[in-house]
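*Asks:* Sharing upload_27.txt below, compact mmCIF, N, CA and C atoms:
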# COMPACT_ATOMS: atom_id res chain seq x y z
N MET G 59 179.29 -26.18 154.58
CA MET G 59 178.35 -25.54 153.68
C MET G 59 178.95 -24.21 153.24
N SER G 60 178.97 -23.95 151.96
CA SER G 60 179.63 -22.76 151.44
C SER G 60 178.67 -21.62 151.17
N ASP G 61 177.38 -21.82 151.45
CA ASP G 61 176.41 -20.76 151.20
C ASP G 61 176.69 -19.57 152.11
N VAL G 62 176.48 -18.38 151.57
CA VAL G 62 176.66 -17.18 152.36
C VAL G 62 175.29 -16.61 152.68
N TYR G 63 175.07 -16.36 153.97
CA TYR G 63 173.80 -15.79 154.40
C TYR G 63 174.07 -14.44 155.02
N SER G 64 173.27 -13.46 154.65
CA SER G 64 173.37 -12.14 155.24
C SER G 64 172.02 -11.81 155.87
N VAL G 65 171.99 -11.82 157.19
CA VAL G 65 170.75 -11.58 157.91
C VAL G 65 170.99 -10.62 159.08
N ASP G 66 169.97 -9.84 159.37
CA ASP G 66 169.97 -8.98 160.55
C ASP G 66 168.87 -9.48 161.46
N VAL G 67 169.24 -9.92 162.65
CA VAL G 67 168.28 -10.45 163.60
C VAL G 67 168.15 -9.46 164.76
N GLN G 68 166.96 -8.86 164.88
CA GLN G 68 166.70 -7.92 165.97
C GLN G 68 165.87 -8.64 167.03
N ILE G 69 166.31 -8.54 168.27
CA ILE G 69 165.65 -9.23 169.36
C ILE G 69 165.31 -8.21 170.45
N THR G 70 164.05 -8.21 170.87
CA THR G 70 163.64 -7.33 171.96
C THR G 70 162.86 -8.15 172.99
N ALA G 71 163.03 -7.79 174.24
CA ALA G 71 162.29 -8.46 175.31
C ALA G 71 162.01 -7.46 176.42
N PRO G 72 160.76 -7.41 176.87
CA PRO G 72 160.45 -6.53 178.00
C PRO G 72 161.08 -7.07 179.27
N VAL G 73 161.47 -6.16 180.16
CA VAL G 73 161.96 -6.53 181.48
C VAL G 73 161.03 -5.87 182.49
N TYR G 74 160.26 -6.70 183.18
CA TYR G 74 159.30 -6.17 184.15
C TYR G 74 159.97 -5.97 185.50
N GLU G 75 159.33 -5.14 186.33
CA GLU G 75 159.87 -4.81 187.66
C GLU G 75 160.13 -6.05 188.50
N THR G 76 159.33 -7.10 188.28
CA THR G 76 159.46 -8.33 189.07
C THR G 76 160.58 -9.24 188.57
N GLU G 77 161.21 -8.86 187.46
CA GLU G 77 162.25 -9.71 186.85
C GLU G 77 163.65 -9.17 187.12
N VAL G 78 164.59 -10.08 187.11
CA VAL G 78 166.00 -9.72 187.19
C VAL G 78 166.49 -9.53 185.76
N PRO G 79 166.94 -8.32 185.40
CA PRO G 79 167.38 -8.07 184.01
C PRO G 79 168.40 -9.07 183.49
N ASP G 80 169.33 -9.51 184.35
CA ASP G 80 170.34 -10.46 183.89
C ASP G 80 169.73 -11.80 183.50
N ARG G 81 168.63 -12.19 184.15
CA ARG G 81 167.96 -13.44 183.76
C ARG G 81 167.32 -13.31 182.39
N VAL G 82 166.74 -12.16 182.11
CA VAL G 82 166.15 -11.94 180.78
C VAL G 82 167.28 -11.94 179.74
N ALA G 83 168.39 -11.32 180.08
CA ALA G 83 169.55 -11.32 179.18
C ALA G 83 170.03 -12.74 178.93
N ASP G 84 170.09 -13.56 180.00
CA ASP G 84 170.50 -14.96 179.85
C ASP G 84 169.54 -15.72 178.95
N ALA G 85 168.24 -15.45 179.10
CA ALA G 85 167.25 -16.13 178.26
C ALA G 85 167.54 -15.87 176.78
N ILE G 86 167.90 -14.64 176.46
CA ILE G 86 168.20 -14.30 175.06
C ILE G 86 169.49 -14.97 174.61
N THR G 87 170.55 -14.86 175.42
CA THR G 87 171.84 -15.42 174.99
C THR G 87 171.85 -16.94 175.01
N ASN G 88 170.92 -17.57 175.76
CA ASN G 88 170.80 -19.02 175.69
C ASN G 88 170.40 -19.47 174.28
N LEU G 89 169.58 -18.66 173.62
CA LEU G 89 169.10 -19.01 172.27
C LEU G 89 169.95 -18.38 171.17
N PHE G 90 170.50 -17.21 171.46
CA PHE G 90 171.31 -16.46 170.49
C PHE G 90 172.62 -16.05 171.17
N PRO G 91 173.57 -16.98 171.28
CA PRO G 91 174.77 -16.73 172.08
C PRO G 91 175.63 -15.56 171.62
N GLY G 92 175.59 -15.20 170.36
CA GLY G 92 176.44 -14.10 169.89
C GLY G 92 175.82 -12.73 170.04
N ALA G 93 174.64 -12.66 170.61
CA ALA G 93 173.91 -11.39 170.69
C ALA G 93 174.62 -10.39 171.60
N ASP G 94 174.70 -9.15 171.15
CA ASP G 94 175.31 -8.07 171.90
C ASP G 94 174.17 -7.28 172.56
N LEU G 95 174.01 -7.42 173.87
CA LEU G 95 172.83 -6.91 174.56
C LEU G 95 172.94 -5.43 174.92
N ASP G 96 171.83 -4.74 174.79
CA ASP G 96 171.73 -3.34 175.16
C ASP G 96 170.54 -3.20 176.12
N HIS G 97 170.82 -2.92 177.39
CA HIS G 97 169.76 -2.75 178.39
C HIS G 97 169.21 -1.34 178.26
N ARG G 98 167.93 -1.24 177.96
CA ARG G 98 167.26 0.06 177.92
C ARG G 98 166.20 0.05 179.00
N HIS G 99 165.60 1.20 179.24
CA HIS G 99 164.58 1.28 180.29
C HIS G 99 163.42 0.34 179.98
N GLY G 100 163.30 -0.69 180.78
CA GLY G 100 162.16 -1.60 180.65
C GLY G 100 162.27 -2.65 179.57
N GLU G 101 163.40 -2.72 178.87
CA GLU G 101 163.54 -3.77 177.87
C GLU G 101 165.01 -4.01 177.53
N ILE G 102 165.24 -5.14 176.91
CA ILE G 102 166.57 -5.47 176.38
C ILE G 102 166.41 -5.54 174.87
N VAL G 103 167.33 -4.87 174.18
CA VAL G 103 167.33 -4.85 172.73
C VAL G 103 168.69 -5.36 172.27
N THR G 104 168.68 -6.20 171.26
CA THR G 104 169.94 -6.72 170.76
C THR G 104 169.84 -7.03 169.27
N GLU G 105 170.99 -7.18 168.65
CA GLU G 105 171.03 -7.58 167.26
C GLU G 105 172.14 -8.62 167.10
N THR G 106 171.88 -9.56 166.21
CA THR G 106 172.90 -10.56 165.89
C THR G 106 172.78 -10.87 164.41
N HIS G 107 173.73 -11.60 163.89
CA HIS G 107 173.72 -11.97 162.46
C HIS G 107 173.89 -13.47 162.29
N ASP G 108 173.71 -14.20 163.39
CA ASP G 108 173.95 -15.63 163.37
C ASP G 108 172.79 -16.36 164.04
N MET G 109 172.17 -17.27 163.30
CA MET G 109 171.08 -18.07 163.87
C MET G 109 171.44 -19.55 163.91
N SER G 110 172.74 -19.88 163.81
CA SER G 110 173.13 -21.29 163.74
C SER G 110 172.80 -22.04 165.03
N HIS G 111 173.05 -21.43 166.20
CA HIS G 111 172.73 -22.10 167.47
C HIS G 111 171.22 -22.28 167.59
N PHE G 112 170.46 -21.26 167.23
CA PHE G 112 169.00 -21.34 167.26
C PHE G 112 168.52 -22.48 166.36
N SER G 113 169.09 -22.58 165.17
CA SER G 113 168.75 -23.65 164.24
C SER G 113 169.06 -25.02 164.85
N GLU G 114 170.21 -25.12 165.51
CA GLU G 114 170.60 -26.38 166.16
C GLU G 114 169.57 -26.77 167.23
N LEU G 115 169.08 -25.79 167.99
CA LEU G 115 168.08 -26.06 169.01
C LEU G 115 166.77 -26.55 168.38
N LEU G 116 166.39 -25.98 167.24
CA LEU G 116 165.18 -26.44 166.53
C LEU G 116 165.32 -27.89 166.12
N HIS G 117 166.50 -28.24 165.57
CA HIS G 117 166.76 -29.62 165.16
C HIS G 117 166.72 -30.55 166.37
N ARG G 118 167.35 -30.14 167.45
CA ARG G 118 167.45 -30.98 168.64
C ARG G 118 166.06 -31.28 169.23
N ARG G 119 165.21 -30.27 169.25
CA ARG G 119 163.85 -30.46 169.80
C ARG G 119 162.90 -31.07 168.79
N GLU G 120 163.35 -31.18 167.54
CA GLU G 120 162.53 -31.73 166.45
C GLU G 120 161.22 -30.96 166.28
N ILE G 121 161.39 -29.61 166.22
CA ILE G 121 160.22 -28.74 166.02
C ILE G 121 160.38 -27.91 164.74
N LEU G 122 160.98 -28.53 163.73
CA LEU G 122 161.23 -27.81 162.48
C LEU G 122 159.93 -27.40 161.80
N ASP G 123 158.92 -28.27 161.79
CA ASP G 123 157.64 -27.93 161.15
C ASP G 123 156.97 -26.77 161.88
N THR G 124 157.01 -26.80 163.21
CA THR G 124 156.44 -25.71 164.01
C THR G 124 157.15 -24.40 163.67
N ALA G 125 158.49 -24.47 163.62
CA ALA G 125 159.28 -23.27 163.32
C ALA G 125 158.94 -22.73 161.94
N ARG G 126 158.90 -23.61 160.95
CA ARG G 126 158.58 -23.18 159.58
C ARG G 126 157.21 -22.50 159.53
N GLY G 127 156.24 -23.08 160.24
CA GLY G 127 154.91 -22.50 160.28
C GLY G 127 154.94 -21.09 160.86
N ALA G 128 155.65 -20.93 161.97
CA ALA G 128 155.75 -19.62 162.61
C ALA G 128 156.47 -18.62 161.69
N PHE G 129 157.54 -19.06 161.03
CA PHE G 129 158.31 -18.15 160.18
C PHE G 129 157.48 -17.69 158.98
N PHE G 130 156.86 -18.65 158.28
CA PHE G 130 156.11 -18.30 157.08
C PHE G 130 154.83 -17.53 157.39
N GLU G 131 154.22 -17.82 158.55
CA GLU G 131 152.99 -17.14 158.93
C GLU G 131 153.23 -15.64 159.15
N ASN G 132 154.40 -15.31 159.64
CA ASN G 132 154.72 -13.92 159.97
C ASN G 132 155.76 -13.33 159.02
N ARG G 133 155.67 -13.73 157.78
CA ARG G 133 156.60 -13.23 156.77
C ARG G 133 156.05 -11.97 156.12
N ARG G 134 156.90 -10.97 156.00
CA ARG G 134 156.55 -9.72 155.32
C ARG G 134 157.71 -9.33 154.43
N GLY G 135 157.56 -9.54 153.14
CA GLY G 135 158.64 -9.17 152.21
C GLY G 135 159.92 -9.92 152.50
N ASP G 136 161.00 -9.18 152.77
CA ASP G 136 162.31 -9.81 152.99
C ASP G 136 162.56 -10.12 154.47
N ALA G 137 161.49 -10.14 155.27
CA ALA G 137 161.65 -10.36 156.71
C ALA G 137 160.58 -11.31 157.25
N PHE G 138 160.89 -11.91 158.39
CA PHE G 138 159.89 -12.69 159.13
C PHE G 138 160.13 -12.46 160.61
N SER G 139 159.09 -12.67 161.40
CA SER G 139 159.23 -12.45 162.84
C SER G 139 158.50 -13.55 163.60
N PHE G 140 158.84 -13.68 164.86
CA PHE G 140 158.20 -14.67 165.71
C PHE G 140 158.45 -14.30 167.16
N ASP G 141 157.63 -14.85 168.05
CA ASP G 141 157.78 -14.61 169.48
C ASP G 141 158.11 -15.92 170.18
N LEU G 142 158.94 -15.80 171.21
CA LEU G 142 159.38 -16.96 171.99
C LEU G 142 159.02 -16.75 173.45
N LYS G 143 158.72 -17.84 174.13
CA LYS G 143 158.41 -17.76 175.56
C LYS G 143 159.70 -17.58 176.36
N LYS G 144 159.68 -16.56 177.22
CA LYS G 144 160.85 -16.26 178.05
C LYS G 144 161.19 -17.42 178.98
N GLN G 145 160.16 -17.98 179.63
CA GLN G 145 160.39 -19.02 180.64
C GLN G 145 161.16 -20.21 180.03
N ALA G 146 160.78 -20.62 178.84
CA ALA G 146 161.49 -21.72 178.18
C ALA G 146 162.91 -21.30 177.82
N ALA G 147 163.06 -20.06 177.34
CA ALA G 147 164.38 -19.56 176.94
C ALA G 147 165.34 -19.53 178.13
N PHE G 148 164.82 -19.27 179.36
CA PHE G 148 165.67 -19.34 180.56
C PHE G 148 166.34 -20.70 180.66
N GLN G 149 165.64 -21.74 180.19
CA GLN G 149 166.15 -23.11 180.25
C GLN G 149 166.94 -23.49 178.98
N GLY G 150 167.08 -22.53 178.05
CA GLY G 150 167.78 -22.82 176.80
C GLY G 150 166.93 -23.60 175.82
N VAL G 151 165.60 -23.50 175.96
CA VAL G 151 164.67 -24.25 175.13
C VAL G 151 163.88 -23.29 174.25
N VAL G 152 163.72 -23.65 172.99
CA VAL G 152 162.91 -22.86 172.07
C VAL G 152 161.45 -23.28 172.24
N ASN G 153 160.60 -22.31 172.55
CA ASN G 153 159.17 -22.56 172.65
C ASN G 153 158.46 -21.35 172.05
N PHE G 154 157.81 -21.55 170.91
CA PHE G 154 157.14 -20.46 170.23
C PHE G 154 155.92 -20.01 171.01
N ALA G 155 155.74 -18.71 171.10
CA ALA G 155 154.60 -18.14 171.81
C ALA G 155 153.47 -17.93 170.81
N VAL G 156 152.37 -18.59 171.05
CA VAL G 156 151.19 -18.42 170.20
C VAL G 156 149.99 -18.23 171.12
N GLY G 157 148.99 -17.54 170.63
CA GLY G 157 147.81 -17.33 171.45
C GLY G 157 148.01 -16.19 172.42
N ASP G 158 147.46 -16.34 173.62
CA ASP G 158 147.51 -15.28 174.62
C ASP G 158 148.95 -14.98 175.03
N PRO G 159 149.28 -13.69 175.16
CA PRO G 159 150.63 -13.32 175.58
C PRO G 159 150.92 -13.82 177.00
N ASP G 160 152.15 -14.18 177.21
CA ASP G 160 152.60 -14.62 178.52
C ASP G 160 152.63 -13.43 179.47
N GLU G 161 152.41 -13.67 180.75
CA GLU G 161 152.39 -12.56 181.70
C GLU G 161 153.75 -11.85 181.80
N LEU G 162 154.82 -12.54 181.50
CA LEU G 162 156.15 -11.91 181.52
C LEU G 162 156.53 -11.30 180.18
N GLY G 163 155.63 -11.40 179.22
CA GLY G 163 155.96 -10.89 177.90
C GLY G 163 156.81 -11.90 177.16
N GLU G 164 156.95 -11.69 175.88
CA GLU G 164 157.71 -12.62 175.06
C GLU G 164 158.98 -11.99 174.54
N ILE G 165 159.83 -12.85 174.07
CA ILE G 165 161.02 -12.40 173.35
C ILE G 165 160.59 -12.28 171.89
N HIS G 166 160.69 -11.07 171.35
CA HIS G 166 160.27 -10.85 169.97
C HIS G 166 161.51 -10.85 169.07
N VAL G 167 161.44 -11.64 168.01
CA VAL G 167 162.57 -11.78 167.09
C VAL G 167 162.12 -11.39 165.70
N ARG G 168 162.88 -10.49 165.05
CA ARG G 168 162.59 -10.08 163.67
C ARG G 168 163.85 -10.34 162.85
N VAL G 169 163.70 -11.09 161.77
CA VAL G 169 164.83 -11.48 160.93
C VAL G 169 164.65 -10.86 159.55
N ARG G 170 165.61 -10.03 159.15
CA ARG G 170 165.59 -9.46 157.80
C ARG G 170 166.70 -10.14 157.00
N VAL G 171 166.33 -10.71 155.87
CA VAL G 171 167.27 -11.47 155.05
C VAL G 171 167.70 -10.63 153.84
N THR G 172 169.00 -10.40 153.73
CA THR G 172 169.54 -9.67 152.58
C THR G 172 169.97 -10.65 151.50
N GLU G 173 170.70 -11.69 151.90
CA GLU G 173 171.18 -12.72 150.98
C GLU G 173 170.90 -14.08 151.57
N PRO G 174 170.42 -15.04 150.83
CA PRO G 174 169.99 -14.95 149.44
C PRO G 174 168.54 -14.46 149.35
N ASP G 175 167.59 -15.15 150.03
CA ASP G 175 166.20 -14.71 150.09
C ASP G 175 165.55 -15.42 151.28
N VAL G 176 164.37 -14.95 151.66
CA VAL G 176 163.72 -15.47 152.88
C VAL G 176 163.50 -16.98 152.83
N GLU G 177 162.93 -17.48 151.72
CA GLU G 177 162.62 -18.91 151.64
C GLU G 177 163.87 -19.77 151.79
N THR G 178 164.94 -19.39 151.11
CA THR G 178 166.18 -20.16 151.17
C THR G 178 166.76 -20.15 152.58
N PHE G 179 166.69 -18.99 153.24
CA PHE G 179 167.23 -18.90 154.59
C PHE G 179 166.39 -19.74 155.56
N ILE G 180 165.07 -19.67 155.44
CA ILE G 180 164.21 -20.50 156.31
C ILE G 180 164.50 -21.97 156.08
N ASP G 181 164.67 -22.38 154.81
CA ASP G 181 165.02 -23.78 154.51
C ASP G 181 166.34 -24.16 155.17
N HIS G 182 167.24 -23.19 155.30
CA HIS G 182 168.55 -23.44 155.91
C HIS G 182 168.43 -23.65 157.42
N ILE G 183 167.69 -22.78 158.11
CA ILE G 183 167.63 -22.90 159.57
C ILE G 183 166.57 -23.90 160.04
N ALA G 184 165.51 -24.07 159.25
CA ALA G 184 164.45 -25.03 159.60
C ALA G 184 164.01 -25.73 158.32
N PRO G 185 164.78 -26.73 157.89
CA PRO G 185 164.49 -27.39 156.61
C PRO G 185 163.13 -28.11 156.61
N PRO G 186 162.57 -28.28 155.41
CA PRO G 186 161.33 -29.05 155.32
C PRO G 186 161.57 -30.46 155.84
N THR G 187 160.52 -31.10 156.32
CA THR G 187 160.67 -32.44 156.87
C THR G 187 159.71 -33.41 156.19
N GLU G 188 160.07 -34.68 156.28
CA GLU G 188 159.18 -35.77 155.90
C GLU G 188 159.21 -36.73 157.07
N GLU G 189 158.03 -37.02 157.61
CA GLU G 189 157.91 -37.89 158.78
C GLU G 189 158.82 -37.43 159.91
N GLY G 190 158.89 -36.10 160.09
CA GLY G 190 159.66 -35.53 161.19
C GLY G 190 161.15 -35.42 160.99
N ARG G 191 161.66 -35.89 159.85
CA ARG G 191 163.10 -35.82 159.59
C ARG G 191 163.37 -34.78 158.50
N PRO G 192 164.44 -33.98 158.69
CA PRO G 192 164.78 -32.99 157.67
C PRO G 192 165.06 -33.67 156.33
N VAL G 193 164.56 -33.07 155.25
CA VAL G 193 164.87 -33.58 153.92
C VAL G 193 165.78 -32.57 153.24
N GLU G 194 166.74 -33.10 152.53
CA GLU G 194 167.64 -32.21 151.78
C GLU G 194 166.89 -31.64 150.60
N THR G 195 167.02 -30.33 150.42
CA THR G 195 166.37 -29.71 149.27
C THR G 195 167.44 -29.34 148.26
N ASP G 196 167.09 -29.53 146.99
CA ASP G 196 168.02 -29.10 145.94
C ASP G 196 167.97 -27.58 145.89
N ASP G 197 169.11 -27.00 145.56
CA ASP G 197 169.11 -25.54 145.41
C ASP G 197 168.12 -25.18 144.31
N ARG G 198 167.30 -24.18 144.63
CA ARG G 198 166.27 -23.79 143.64
C ARG G 198 166.85 -22.87 142.61
Starting from the coordinates I provided, produce the structure as structure tokens.
*Replies:*
Amino acid sequence: MSDVYSVDVQITAPVYETEVPDRVADAITNLFPGADLDHRHGEIVTETHDMSHFSELLHRREILDTARGAFFENRRGDAFSFDLKKQAAFQGVVNFAVGDPDELGEIHVRVRVTEPDVETFIDHIAPPTEEGRPVETDDR
């Protein structure tokens, strides 16, 4: 694919006293392997520019519609955000956090899209589906 995507992905996760910071770090890098982690007091903050592994996990679990719903629901201008369950991320599994917050807190992800635009990027990482299968979209 020759499309060029320019995105800034900011990831934050609280680290509670009962948690091992390295496990929280592993949870993040399981989903975003290229993330450069910064341990701060009580949280891990990181930024990456690549969501290809995350996209692959969405395809593998066949949760593209769920992902699209979460992305579009929390879209603000050129950015969208979503929360992920830490416990699932420890296992390398994408599980969107909805409803009541988890007792360990969630991994918060904010994606700002510079190129091309939010809709095109969302279509790239979580394409529209028909009967659960990704459908190819023509360039708009």
*Asks:* Kindly indicate which residue among G:Thr187, G:Lys144, G:Val176, G:Arg168 lies nearest to Val82 of chain G, using only N, CA and C atoms for the distances.
*Replies:*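 When distances to Val82 of chain G are compared using only N, CA and C atoms, the smallest one comes from G:Lys144.
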*Asks:* Using all atoms listed in the file for the distances, tell me which of G:Met109, G:Val103, G:Leu162, G:Ala83 is nearest to Gln68 of chain G.
*Replies:* G:Val103
*Asks:* Between atom CA of Val78 of chain G and atom CA of Gln149 of chain G, what distance in Å does the model show, to one decimal?
*Replies:*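 So the answer is 15.1 Å.
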*Asks:* List every residue of chain G that DSSP, applied to the backbone of this structure, places in alpha helix (DSSP H), and write the result as an NGL selection string.
*Replies:* :G and (79-89 or 110-119 or 122-131 or 144-148 or 176-183)
*Asks:* Separation of atom CA of Ser64 of chain G and atom CA of Glu173 of chain G, in Å?
*Replies:*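 Computed distance, atom CA of Ser64 of chain G to atom CA of Glu173 of chain G, equals 4.8 Å.
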*Asks:* Place N, CA, C and O atoms on segment 129-140 of chain G and deliver the coordinates as a PDB file, in the frame of the given file.
*Replies:*
ATOM      1  N   PHE G 129     157.540 -19.060 161.030  1.00  0.00           N
ATOM      2  CA  PHE G 129     158.310 -18.150 160.180  1.00  0.00           C
ATOM      3  C   PHE G 129     157.480 -17.690 158.980  1.00  0.00           C
ATOM      4  O   PHE G 129     157.423 -16.502 158.671  1.00  0.00           O
ATOM      5  N   PHE G 130     156.860 -18.650 158.280  1.00  0.00           N
ATOM      6  CA  PHE G 130     156.110 -18.300 157.080  1.00  0.00           C
ATOM      7  C   PHE G 130     154.830 -17.530 157.390  1.00  0.00           C
ATOM      8  O   PHE G 130     154.421 -16.661 156.627  1.00  0.00           O
ATOM      9  N   GLU G 131     154.220 -17.820 158.550  1.00  0.00           N
ATOM     10  CA  GLU G 131     152.990 -17.140 158.930  1.00  0.00           C
ATOM     11  C   GLU G 131     153.230 -15.640 159.150  1.00  0.00           C
ATOM     12  O   GLU G 131     152.357 -14.822 158.900  1.00  0.00           O
ATOM     13  N   ASN G 132     154.400 -15.310 159.640  1.00  0.00           N
ATOM     14  CA  ASN G 132     154.720 -13.920 159.970  1.00  0.00           C
ATOM     15  C   ASN G 132     155.760 -13.330 159.020  1.00  0.00           C
ATOM     16  O   ASN G 132     156.611 -12.558 159.430  1.00  0.00           O
ATOM     17  N   ARG G 133     155.670 -13.730 157.780  1.00  0.00           N
ATOM     18  CA  ARG G 133     156.600 -13.230 156.770  1.00  0.00           C
ATOM     19  C   ARG G 133     156.050 -11.970 156.120  1.00  0.00           C
ATOM     20  O   ARG G 133     154.880 -11.904 155.762  1.00  0.00           O
ATOM     21  N   ARG G 134     156.900 -10.970 156.000  1.00  0.00           N
ATOM     22  CA  ARG G 134     156.550  -9.720 155.320  1.00  0.00           C
ATOM     23  C   ARG G 134     157.710  -9.330 154.430  1.00  0.00           C
ATOM     24  O   ARG G 134     158.742  -8.880 154.927  1.00  0.00           O
ATOM     25  N   GLY G 135     157.560  -9.540 153.140  1.00  0.00           N
ATOM     26  CA  GLY G 135     158.640  -9.170 152.210  1.00  0.00           C
ATOM     27  C   GLY G 135     159.920  -9.920 152.500  1.00  0.00           C
ATOM     28  O   GLY G 135     159.943 -11.154 152.524  1.00  0.00           O
ATOM     29  N   ASP G 136     161.000  -9.180 152.770  1.00  0.00           N
ATOM     30  CA  ASP G 136     162.310  -9.810 152.990  1.00  0.00           C
ATOM     31  C   ASP G 136     162.560 -10.120 154.470  1.00  0.00           C
ATOM     32  O   ASP G 136     163.687 -10.337 154.885  1.00  0.00           O
ATOM     33  N   ALA G 137     161.490 -10.140 155.270  1.00  0.00           N
ATOM     34  CA  ALA G 137     161.650 -10.360 156.710  1.00  0.00           C
ATOM     35  C   ALA G 137     160.580 -11.310 157.250  1.00  0.00           C
ATOM     36  O   ALA G 137     159.541 -11.501 156.637  1.00  0.00           O
ATOM     37  N   PHE G 138     160.890 -11.910 158.390  1.00  0.00           N
ATOM     38  CA  PHE G 138     159.890 -12.690 159.130  1.00  0.00           C
ATOM     39  C   PHE G 138     160.130 -12.460 160.610  1.00  0.00           C
ATOM     40  O   PHE G 138     161.215 -12.065 161.025  1.00  0.00           O
ATOM     41  N   SER G 139     159.090 -12.670 161.400  1.00  0.00           N
ATOM     42  CA  SER G 139     159.230 -12.450 162.840  1.00  0.00           C
ATOM     43  C   SER G 139     158.500 -13.550 163.600  1.00  0.00           C
ATOM     44  O   SER G 139     157.654 -14.242 163.031  1.00  0.00           O
ATOM     45  N   PHE G 140     158.840 -13.680 164.860  1.00  0.00           N
ATOM     46  CA  PHE G 140     158.200 -14.670 165.710  1.00  0.00           C
ATOM     47  C   PHE G 140     158.450 -14.300 167.160  1.00  0.00           C
ATOM     48  O   PHE G 140     159.346 -13.500 167.464  1.00  0.00           O
TER      49      PHE G 140
END
